[in-house]
Structure formats: structure tokens, C-alpha cells
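*Asks:* Got a structure for you, protein_37.cif, holding mmCIF, C-alpha atoms and all ligand atoms.
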```cif
data_run
#
loop_
_atom_site.label_atom_id
_atom_site.label_comp_id
_atom_site.auth_asym_id
_atom_site.auth_seq_id
_atom_site.Cartn_x
_atom_site.Cartn_y
_atom_site.Cartn_z
CA MET A 13 105.25 114.22 29.31
CA SER A 14 104.09 111.68 26.79
CA ALA A 15 101.97 109.00 28.37
CA GLY A 16 101.82 105.22 28.04
CA HIS A 17 99.91 103.73 25.18
CA ARG A 18 99.96 105.06 21.62
CA PRO A 19 97.89 103.86 18.66
CA GLY A 20 99.44 101.05 16.72
CA GLN A 21 101.32 99.77 19.71
CA SER A 22 100.73 96.13 20.19
CA ASN A 23 101.15 95.80 23.95
CA PRO A 24 97.93 94.19 25.14
CA PRO A 25 96.10 95.60 28.14
CA VAL A 26 97.18 94.01 31.42
CA HIS A 27 93.70 94.29 32.91
CA VAL A 28 90.51 93.84 30.90
CA ALA A 29 87.14 94.29 32.59
CA ILE A 30 83.88 93.17 31.01
CA ILE A 31 80.25 94.11 31.66
CA MET A 32 78.65 90.86 30.55
CA ASP A 33 75.26 92.07 29.33
CA GLY A 34 72.51 90.73 27.09
CA ASN A 35 71.74 87.27 28.43
CA GLY A 36 68.03 88.06 28.75
CA ARG A 37 67.73 89.40 25.22
CA TRP A 38 69.68 86.46 23.82
CA ALA A 39 67.10 84.12 25.34
CA GLN A 40 64.11 86.29 24.44
CA MET A 41 65.15 86.35 20.76
CA ARG A 42 64.98 82.57 20.79
CA GLY A 43 61.75 82.31 22.71
CA LEU A 44 63.63 80.80 25.66
CA PRO A 45 63.38 81.66 29.37
CA ARG A 46 65.88 84.26 30.62
CA GLN A 47 67.53 81.56 32.73
CA GLU A 48 68.65 79.81 29.55
CA GLY A 49 70.41 83.03 28.57
CA HIS A 50 72.23 83.08 31.89
CA ARG A 51 73.21 79.44 31.49
CA ARG A 52 74.66 80.17 28.06
CA GLY A 53 76.27 83.27 29.52
CA LEU A 54 78.19 81.05 31.92
CA GLU A 55 79.53 79.12 28.92
CA ALA A 56 80.70 82.40 27.39
CA LEU A 57 82.34 83.28 30.71
CA ARG A 58 84.25 80.00 30.74
CA SER A 59 85.54 80.40 27.21
CA THR A 60 86.41 84.05 27.78
CA VAL A 61 88.57 83.13 30.78
CA ARG A 62 90.43 80.64 28.57
CA ASN A 63 90.75 83.02 25.62
CA ALA A 64 91.88 85.97 27.69
CA GLY A 65 94.58 83.85 29.30
CA GLU A 66 95.78 82.64 25.91
CA LEU A 67 95.83 86.21 24.58
CA GLY A 68 98.10 87.35 27.40
CA VAL A 69 95.61 89.22 29.59
CA LYS A 70 96.90 89.11 33.18
CA VAL A 71 93.80 90.33 35.01
CA LEU A 72 90.25 89.69 33.81
CA THR A 73 87.37 91.22 35.74
CA LEU A 74 83.86 90.03 34.96
CA TYR A 75 80.76 91.86 36.20
CA SER A 76 78.36 89.07 37.04
CA PHE A 77 75.89 90.49 39.56
CA SER A 78 75.43 94.11 40.58
CA THR A 79 74.17 95.55 43.86
CA GLU A 80 71.19 96.73 41.78
CA ASN A 81 70.43 93.28 40.34
CA TRP A 82 68.55 92.42 43.57
CA ARG A 83 65.71 94.42 41.98
CA ARG A 84 65.06 91.53 39.59
CA PRO A 85 62.37 88.94 40.28
CA ALA A 86 63.29 86.66 43.19
CA THR A 87 63.42 83.59 40.94
CA GLU A 88 65.97 85.22 38.64
CA VAL A 89 68.05 86.44 41.60
CA SER A 90 68.20 83.00 43.15
CA PHE A 91 69.06 81.47 39.79
CA LEU A 92 71.99 83.88 39.43
CA LEU A 93 73.18 83.18 42.98
CA GLY A 94 72.97 79.45 42.22
CA LEU A 95 74.95 79.95 39.03
CA LEU A 96 77.84 81.52 40.98
CA ARG A 97 77.73 78.64 43.40
CA ARG A 98 77.78 76.06 40.63
CA PHE A 99 80.55 77.88 38.81
CA VAL A 100 82.80 77.82 41.88
CA GLU A 101 81.93 74.22 42.72
CA LYS A 102 82.38 72.88 39.18
CA ASP A 103 85.21 75.00 37.82
CA LEU A 104 87.49 75.58 40.79
CA ALA A 105 89.65 72.50 40.21
CA GLU A 106 90.23 73.39 36.56
CA LEU A 107 90.92 77.06 37.33
CA LYS A 108 93.37 76.00 40.00
CA ALA A 109 95.13 73.56 37.66
CA SER A 110 95.39 76.13 34.87
CA GLY A 111 97.13 78.74 37.03
CA VAL A 112 94.18 81.08 37.54
CA ARG A 113 93.96 83.03 40.79
CA VAL A 114 90.33 83.72 41.67
CA ARG A 115 89.19 86.88 43.42
CA ILE A 116 85.65 87.93 44.24
CA ILE A 117 84.92 91.64 44.70
CA GLY A 118 81.71 93.15 46.01
CA ARG A 119 79.89 93.18 49.32
CA ARG A 120 79.58 89.95 51.21
CA ASP A 121 77.42 90.89 54.17
CA ASP A 122 74.15 90.19 52.36
CA LEU A 123 75.25 86.84 50.94
CA THR A 124 74.45 83.66 52.84
CA PRO A 125 77.28 82.39 55.11
CA ASP A 126 77.74 79.22 53.04
CA LEU A 127 78.16 81.23 49.84
CA VAL A 128 80.69 83.47 51.59
CA ARG A 129 82.58 80.37 52.75
CA LEU A 130 82.59 78.99 49.21
CA VAL A 131 83.93 82.25 47.81
CA GLU A 132 86.63 82.43 50.47
CA HIS A 133 87.59 78.85 49.72
CA ALA A 134 87.96 79.64 46.00
CA GLU A 135 90.25 82.52 46.85
CA THR A 136 92.48 80.66 49.28
CA ALA A 137 92.69 77.56 47.10
CA THR A 138 94.03 79.59 44.16
CA ARG A 139 95.92 82.38 45.88
CA ASP A 140 99.38 81.18 44.79
CA ASN A 141 98.48 81.01 41.09
CA THR A 142 100.19 83.56 38.87
CA ARG A 143 99.24 82.95 35.23
CA MET A 144 96.12 85.09 35.35
CA THR A 145 93.85 86.67 37.95
CA LEU A 146 90.11 86.19 37.42
CA VAL A 147 88.18 88.82 39.35
CA VAL A 148 84.47 88.09 39.65
CA ALA A 149 82.47 91.18 40.55
CA PHE A 150 79.58 89.68 42.43
CA ASN A 151 77.08 91.68 44.46
CA TYR A 152 79.31 94.50 43.32
CA GLY A 153 78.50 98.18 42.98
CA ALA A 154 81.20 100.80 42.64
CA ARG A 155 79.37 103.34 44.80
CA ASP A 156 78.89 100.73 47.50
CA GLU A 157 82.60 99.85 47.28
CA ILE A 158 83.63 103.51 47.63
CA VAL A 159 81.23 104.01 50.56
CA ARG A 160 82.67 100.95 52.34
CA ALA A 161 86.19 102.32 51.80
CA ALA A 162 85.16 105.76 53.09
CA ARG A 163 83.63 104.20 56.20
CA ARG A 164 86.81 102.30 57.01
CA LEU A 165 88.93 105.42 56.53
CA ALA A 166 86.55 107.45 58.70
CA ALA A 167 86.71 104.80 61.43
CA ASP A 168 90.52 104.80 61.25
CA ALA A 169 90.59 108.59 61.50
CA ALA A 170 88.11 108.65 64.39
CA ALA A 171 90.20 106.09 66.26
CA GLY A 172 93.36 108.10 65.68
CA ARG A 173 94.99 105.41 63.53
CA ILE A 174 95.35 107.80 60.59
CA ASP A 175 95.30 111.55 60.12
CA ALA A 176 92.35 112.60 57.93
CA THR A 177 94.61 115.02 56.03
CA ALA A 178 96.79 112.05 55.00
CA ILE A 179 93.96 110.50 52.97
CA ASP A 180 94.90 110.70 49.31
CA GLU A 181 94.06 108.82 46.10
CA ASP A 182 96.49 106.02 46.85
CA MET A 183 95.13 105.50 50.35
CA LEU A 184 91.54 105.43 49.15
CA GLY A 185 92.49 103.04 46.36
CA LEU A 186 94.06 100.73 48.93
CA HIS A 187 90.74 100.51 50.78
CA LEU A 188 88.80 99.39 47.71
CA ASP A 189 88.09 95.73 47.00
CA THR A 190 90.64 95.94 44.17
CA ALA A 191 93.44 97.22 46.45
CA ASP A 192 96.16 94.96 45.07
CA LEU A 193 95.07 95.01 41.43
CA PRO A 194 96.10 97.36 38.62
CA ASP A 195 93.41 99.59 37.11
CA PRO A 196 91.74 98.21 33.97
CA GLU A 197 93.07 99.70 30.73
CA LEU A 198 90.09 98.37 28.80
CA VAL A 199 86.43 98.01 29.76
CA ILE A 200 84.20 96.10 27.35
CA ARG A 201 80.39 96.10 27.48
CA THR A 202 78.37 93.72 25.39
CA SER A 203 74.75 93.95 24.17
CA GLY A 204 74.91 97.43 22.69
CA GLU A 205 74.17 99.30 25.92
CA THR A 206 76.52 102.24 26.35
CA ARG A 207 76.51 102.84 30.09
CA ILE A 208 78.71 101.87 33.03
CA SER A 209 75.97 100.65 35.40
CA ASN A 210 77.95 101.27 38.60
CA PHE A 211 81.00 99.23 37.52
CA LEU A 212 84.56 100.16 38.63
CA LEU A 213 83.81 103.91 38.75
CA TRP A 214 87.07 104.69 40.55
CA GLN A 215 89.33 102.20 38.78
CA ALA A 216 88.12 102.95 35.23
CA ALA A 217 88.87 106.68 35.48
CA TYR A 218 91.21 106.44 32.47
CA ALA A 219 90.11 103.16 30.93
CA GLU A 220 89.29 102.85 27.25
CA PHE A 221 85.71 101.71 26.63
CA VAL A 222 84.68 99.34 23.87
CA PHE A 223 80.97 98.78 23.34
CA THR A 224 79.94 95.87 21.16
CA PRO A 225 76.46 94.89 20.01
CA VAL A 226 77.29 91.21 20.53
CA LEU A 227 75.06 89.69 23.21
CA TRP A 228 77.07 88.14 26.03
CA PRO A 229 76.25 84.45 25.25
CA ASP A 230 77.61 85.05 21.72
CA PHE A 231 80.84 86.72 22.93
CA ASP A 232 83.53 84.48 21.48
CA ARG A 233 87.26 84.63 20.84
CA ALA A 234 86.79 86.72 17.69
CA ALA A 235 84.75 89.27 19.64
CA LEU A 236 87.44 89.47 22.33
CA GLU A 237 90.16 89.83 19.71
CA ALA A 238 88.16 92.59 18.00
CA ALA A 239 87.90 94.51 21.28
CA LEU A 240 91.64 94.14 21.89
CA ALA A 241 92.33 95.33 18.35
CA GLU A 242 90.09 98.35 18.90
CA TYR A 243 92.01 99.10 22.10
CA ALA A 244 95.29 98.91 20.20
CA ARG A 245 94.04 101.63 17.83
CA ARG A 246 93.24 104.02 20.67
CA GLU A 247 95.52 106.74 21.88
CA ARG A 248 95.63 107.15 25.62
CA ARG A 249 96.60 110.60 26.84
CA PHE A 250 95.98 110.66 30.59
CA GLY A 251 95.34 114.39 30.40
CA GLY A 252 98.56 115.05 28.50
CA VAL A 253 99.03 115.94 24.85
CA PRO A 254 99.42 113.57 21.87
CA GLU A 255 102.95 112.29 21.27
CA ALA A 256 103.28 114.20 17.96
CA LEU A 257 102.28 117.53 19.53
CA ASP A 258 104.50 116.81 22.52
CA ARG A 259 107.51 116.56 20.20
CA LYS A 260 106.59 119.82 18.43
CA VAL A 261 106.26 121.67 21.71
CA GLY A 262 109.59 120.24 22.83
CA ALA A 263 111.27 121.35 19.59
CA ALA A 264 109.90 124.89 19.67
C1 LIG B 301 73.53 90.12 31.96
O1 LIG B 301 72.43 89.90 31.17
C2 LIG B 301 73.54 89.28 33.22
C3 LIG B 301 73.29 90.05 34.45
C4 LIG B 301 73.11 91.33 34.53
C5 LIG B 301 73.24 89.29 35.68
P1 LIG B 301 71.01 90.54 31.46
O2 LIG B 301 70.25 89.61 32.33
O3 LIG B 301 71.14 91.92 31.99
O4 LIG B 301 70.41 90.56 30.00
P2 LIG B 301 69.49 91.67 29.34
O5 LIG B 301 70.18 92.98 29.53
O6 LIG B 301 68.18 91.62 30.07
O7 LIG B 301 69.39 91.27 27.92
C1 LIG B 302 75.06 95.38 34.47
O1 LIG B 302 74.04 94.88 33.65
C2 LIG B 302 75.36 94.40 35.57
C3 LIG B 302 75.97 93.14 35.13
C4 LIG B 302 76.35 92.85 33.93
C5 LIG B 302 76.19 92.19 36.20
P1 LIG B 302 72.52 95.25 33.89
O2 LIG B 302 71.75 94.62 32.80
O3 LIG B 302 72.12 94.94 35.28
O4 LIG B 302 72.56 96.85 33.73
P2 LIG B 302 71.41 97.88 33.36
O5 LIG B 302 70.26 97.62 34.29
O6 LIG B 302 71.04 97.60 31.94
O7 LIG B 302 72.04 99.22 33.54
MG MG B 303 71.19 93.75 31.13
#
```
Can the structure in the file be given as C-alpha cells, please?
*Replies:*
Amino acid sequence: MSAGHRPGQSNPPVHVAIIMDGNGRWAQMRGLPRQEGHRRGLEALRSTVRNAGELGVKVLTLYSFSTENWRRPATEVSFLLGLLRRFVEKDLAELKASGVRVRIIGRRDDLTPDLVRLVEHAETATRDNTRMTLVVAFNYGARDEIVRAARRLAADAAAGRIDATAIDEDMLGLHLDTADLPDPELVIRTSGETRISNFLLWQAAYAEFVFTPVLWPDFDRAALEAALAEYARRERRFGGVPEALDRKVGAA
């Protein structure tokens, strides 16, 4: 079997996921408070949503606050929570008008009820949009997501609603926050860090990773295009053999 994407093919990834990192360092380099980095990071987020849509990306997932980010100083945490709130309040109308469906993934039970209501409103207000899906990973941790899915499956099994032996990859996937979304083909991380930091551990099993030294507030259209070009040069095998070898084996 020869699998999906081969180098040189120009089909863009359907789903691009980004670990938006480096806001603090961007600010520090300029002698500014970290908050200024986050504010500029929100500008980069806005332009990336626009650029990704124009470049044909159908699903864009942005990691904006992890379940581990609560470890930061309380002032920074509340600034980041406020930033999400302001983003939804200020940008929802434009996102709605430009055909963007908004989804928020992550745990909600430790967010305040008004923030949960706001997030739910953003989702329902845009649910019929089809041009692009913007997935904001907020208070998101992949291990937490998998644990929540496991708990629901265990409860279903204990109540006799499902047979434990029927649990397979598809069923687990359907209990994740991303149930109705395709897996990301490309995961980008900015700021030069080369780790996954608890992002989409299940969904990125066969994703291509592009790490760029660009700090998130500086991530512009050229940086996004460069990452997509890098993806286009990759060969995805999914555990199979390269196309050329596949043909040789077939011919032998
Ligand atoms: C990314 O920038 C934003 C969040 C993680 C919320 P950072 O705040 O992690 O920036 P650095 O890594 O300290 O530079
Ligand atoms: C990952 O960045 C989380 C987000 C981008 C929201 P961090 O800056 O929190 O990750 P670590 O701490 O460097 O692994
Ligand atoms: Mg960071």
C-alpha cells in the first residue's frame, strides 16, 4: 500500500495545528512586560486565522492555554483568561461574517461560568459556517482530554451501555474533544522549542512537525507559507514503505 502524501505534491494540509510559543521572550527582548508579548501574540493569531483561510486550510487549531499554564503567576493567568474573553467578544462578529466556525477544546469545569457561557455562545453563533473551522485549545491538555474520554467510556461500560471489548481507536477518538474533526497533518511550533507540551498527543500520531525559531508575535504570512512549503517537501509513510520502493516490490 502506498500512503497519502508524497513529497512535491502540492495538496495543502486540511488541518494545521500550531503551538503558539514565544510571546514572553518576544517581550523580554524588547524590555517589555510579558503581557505585551501576549497582546502582540493575539494580533499574530488574528492574522494567522486570515492567512490560513486564504491559503486553503480548512481546520486551524491554535494552542492558546494549556492545563499546565495555571502554574504561571496569577497575574499572567488572569491576563491570558481575559485575552480569550476579549478575543471572543471583539472578534466573534467578524469571524461569523467571514465564514469561520469556532470551536473551543479543553476542559471547562475549572473555567468561570460566564466564560463557559461566552465560549458556548461563540460555538453556537458560528456552528453553520463552513469556510474554515478555528479550533482554540484553551485550558487544554492532551492527557487530560484522554483521561476524560476514558472516564466516559468506563462509565458507559459500567452502566452496560457499551461492551468494554468494543472499545477501539475509533470509539476512543469519538470521545475526545476533537471527535468530529480530522487529525492534523501538520503541527507547527514557534519559538525554537522542539517539544509537544501535551498538545494533541492522540491526534498528532502521524502528523508532520515543523519547528521554527520565529517567535509567535512575529509569525506572519511568510512564516506560515514556509511551514506549508516544508510540509509539501515531506514524505508521509504511515508505517508503509516509500512509493518508489513500493513499486519495486510490486514489480519483483
Ligand atoms: C506562548 O508564549 C503563550 C502561552 C503559552 C500562553 P509564552 O508565554 O510561553 O512565551 P515564552 O515561551 O515564555 O517566550
Ligand atoms: C505550550 O507553551 C502551551 C501553549 C502554547 C499554550 P508553553 O510555553 O506553556 O510550553 P513549555 O512550558 O515551554 O513546555
Ligand atoms: Mg512558552
*Asks:* Hey, which bits of chain A sit within 8 Å of ligand LIG 301 (chain B), and for each residue what's the closest pair of atoms and how far apart in Å (one decimal), counting only C-alpha atoms and all ligand atoms, rows by chain and increasing number, as CSV?
*Replies:*
```
residue,atom,partner,partner_atom,distance
A:Ile31,CA,B:LIG301,C1,7.8
A:Met32,CA,B:LIG301,C1,5.4
A:Asp33,CA,B:LIG301,C1,3.7
A:Gly34,CA,B:LIG301,O7,3.3
A:Asn35,CA,B:LIG301,O1,3.9
A:Gly36,CA,B:LIG301,O7,3.6
A:Arg37,CA,B:LIG301,O7,3.7
A:Trp38,CA,B:LIG301,O7,6.3
A:Ala39,CA,B:LIG301,O7,7.9
A:Arg46,CA,B:LIG301,O2,7.1
A:Gly49,CA,B:LIG301,O2,7.6
A:His50,CA,B:LIG301,C2,6.5
A:Gly53,CA,B:LIG301,C2,7.6
A:Tyr75,CA,B:LIG301,C4,7.8
A:Ser76,CA,B:LIG301,C5,5.3
A:Phe77,CA,B:LIG301,C5,4.8
A:Ser78,CA,B:LIG301,C4,7.1
A:Asn81,CA,B:LIG301,C4,6.7
A:Leu92,CA,B:LIG301,C5,6.7
A:Ser203,CA,B:LIG301,O7,7.1
A:Leu227,CA,B:LIG301,O7,7.5
A:Trp228,CA,B:LIG301,O1,7.1
```
*Asks:* Enter the distance from atom CA of Val253 of chain A to atom CA of Leu213 of chain A, in Å, rounded to one decimal.
*Replies:*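 Between atom CA of Val253 of chain A and atom CA of Leu213 of chain A the gap is 23.9 Å.
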*Asks:* Can you write out as a tab-separated table which residues of segment 48-70 of chain A fall within 9 Å of segment 133-144 of chain A, alongside each residue's closest atom pair and its distance in Å to one decimal, counting only C-alpha atoms and ordering rows by chain and ascending residue number?
*Replies:*
```
residue	atom	partner	partner_atom	distance
A:Ala64	CA	A:Met144	CA	8.8
A:Gly65	CA	A:Met144	CA	6.4
A:Gly68	CA	A:Met144	CA	8.5
A:Val69	CA	A:Met144	CA	7.1
A:Lys70	CA	A:Met144	CA	4.6
```
*Asks:* Give the answer as one residue: which of A:Leu130, A:Ile30, A:Leu67, A:Ile179 has the shortest atom-to-atom distance to Glu237 of chain A, using only C-alpha atoms?
*Replies:*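 Using only C-alpha atoms, Glu237 of chain A sits closest to A:Leu67.
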*Asks:* Please provide the set of residues having any atom within 10 Å of Ala161 of chain A, restricted to all atoms listed in the file, with same-chain residues fewer than 4 positions apart removed, written as a list in words.
*Replies:*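 Counting only the stated atoms, we get Arg155, Asp156, Glu157, Leu165, Ala166, Ala167, Met183, Leu184, Gly185, Leu186, His187, Leu188 and Asp189 of chain A.
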*Asks:* Taking all atoms listed in the file into account, name the residue in A:Arg120, A:Arg84, A:Asn151, A:Val199 that is nearest to ligand MG 303 (chain B).
*Replies:*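 Once distances to ligand MG 303 (chain B) are computed over all atoms listed in the file, the minimum belongs to A:Arg84.
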*Asks:* Rank nothing, just name the residue among A:Gln215, A:Thr202, A:Thr224, A:Asn63 nearest to ligand MG 303 (chain B), using only C-alpha atoms and all ligand atoms.
*Replies:*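 For ligand MG 303 (chain B), the nearest of the candidates is A:Thr202.
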*Asks:* Restricting the calculation to all atoms listed in the file: of A:Asn23, A:Asp182, A:Ala239, A:Met41, which residue gets closest to Ile200 of chain A?
*Replies:*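 Of the candidates, the smallest distance to Ile200 of chain A is held by A:Ala239.
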*Asks:* What's the separation between atom CA of Thr124 of chain A and atom CA of Glu80 of chain A, in Å to one decimal place?
*Replies:*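 A separation of 17.4 Å between them.
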*Asks:* With only C-alpha atoms and all ligand atoms as the atoms that count, which of A:Ala86, A:Leu74, A:Ala154, A:Val159 lies nearest to ligand LIG 302 (chain B)?
*Replies:*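 Nearest candidate to ligand LIG 302 (chain B) out of A:Ala86, A:Leu74, A:Ala154, A:Val159: A:Leu74.
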*Asks:* Out of A:Ile208, A:Glu242, A:Gly153, A:Gly251, which residue has the shortest atom-to-atom distance to ligand MG 303 (chain B) when counting all atoms listed in the file?
*Replies:*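 Ranking A:Ile208, A:Glu242, A:Gly153, A:Gly251 by distance to ligand MG 303 (chain B), first place goes to A:Ile208.
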*Asks:* Go ahead and compute the interatomic distance for atom CA of Glu48 of chain A and atom O3 of ligand LIG 302 (chain B), in Å to one decimal.
*Replies:*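 Computed distance, atom CA of Glu48 of chain A to atom O3 of ligand LIG 302 (chain B), equals 16.5 Å.
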*Asks:* Mind working out the centre and edge lengths of an axis-aligned box for ligand LIG 302 (chain B), all listed atoms inside, 3 Å added to each side, rounded to one decimal in Å and written as JSON?
*Replies:*
```
{"center_x": 73.3, "center_y": 95.7, "center_z": 34.1, "size_x": 12.1, "size_y": 13.0, "size_z": 10.3}
```
*Asks:* Do a neighbour search on Glu66 of chain A at 12 Å with all atoms listed in the file, toss out local chain neighbours closer than 6 positions, and write the hits as JSON, numbers by chain.
*Replies:* {"A": [24, 59, 60, 72, 110, 111, 112, 143, 144, 233, 236, 237]}
*Asks:* Name the residues within 6 Å of (81.3, 90.7, 42.2), counting all atoms listed in the file in the file's coordinates, and put them as a PyMOL selection string.
*Replies:* chain A and resi 116-118+148-152
*Asks:* Can you take the partial segment 200-216 of chain A, add N, CA and C atoms, and return it as a tab-separated table (two decimals), in the coordinates of the input?
*Replies:*
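Dumped to rebuild-v4.tsv:
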```tsv
chain	number	residue	atom	x	y	z
A	200	ILE	N	85.06	96.52	28.46
A	200	ILE	CA	84.20	96.10	27.35
A	200	ILE	C	82.78	95.95	27.88
A	201	ARG	N	81.78	96.42	27.13
A	201	ARG	CA	80.39	96.10	27.48
A	201	ARG	C	79.72	95.50	26.26
A	202	THR	N	79.09	94.38	26.48
A	202	THR	CA	78.37	93.72	25.39
A	202	THR	C	76.91	94.19	25.37
A	203	SER	N	76.20	93.78	24.35
A	203	SER	CA	74.75	93.95	24.17
A	203	SER	C	74.32	95.30	23.65
A	204	GLY	N	75.27	96.16	23.31
A	204	GLY	CA	74.91	97.43	22.69
A	204	GLY	C	74.56	98.54	23.66
A	205	GLU	N	74.43	98.23	24.95
A	205	GLU	CA	74.17	99.30	25.92
A	205	GLU	C	75.46	100.09	26.10
A	206	THR	N	75.32	101.41	26.22
A	206	THR	CA	76.52	102.24	26.35
A	206	THR	C	76.50	102.99	27.68
A	207	ARG	N	76.43	102.23	28.76
A	207	ARG	CA	76.51	102.84	30.09
A	207	ARG	C	77.39	101.97	30.99
A	208	ILE	N	77.74	102.54	32.15
A	208	ILE	CA	78.71	101.87	33.03
A	208	ILE	C	78.03	101.09	34.14
A	209	SER	N	76.77	101.42	34.43
A	209	SER	CA	75.97	100.65	35.40
A	209	SER	C	76.72	100.34	36.71
A	210	ASN	N	77.36	101.38	37.25
A	210	ASN	CA	77.95	101.27	38.60
A	210	ASN	C	79.11	100.27	38.67
A	211	PHE	N	79.87	100.18	37.59
A	211	PHE	CA	81.00	99.23	37.52
A	211	PHE	C	82.32	100.00	37.62
A	212	LEU	N	83.19	99.65	38.54
A	212	LEU	CA	84.56	100.16	38.63
A	212	LEU	C	84.68	101.68	38.39
A	213	LEU	N	83.81	102.45	39.02
A	213	LEU	CA	83.81	103.91	38.75
A	213	LEU	C	85.15	104.56	39.07
A	214	TRP	N	85.77	104.12	40.14
A	214	TRP	CA	87.07	104.69	40.55
A	214	TRP	C	88.18	104.17	39.64
A	215	GLN	N	88.21	102.86	39.47
A	215	GLN	CA	89.33	102.20	38.78
A	215	GLN	C	89.36	102.48	37.28
A	216	ALA	N	88.20	102.76	36.69
A	216	ALA	CA	88.12	102.95	35.23
A	216	ALA	C	88.25	104.42	34.83
```
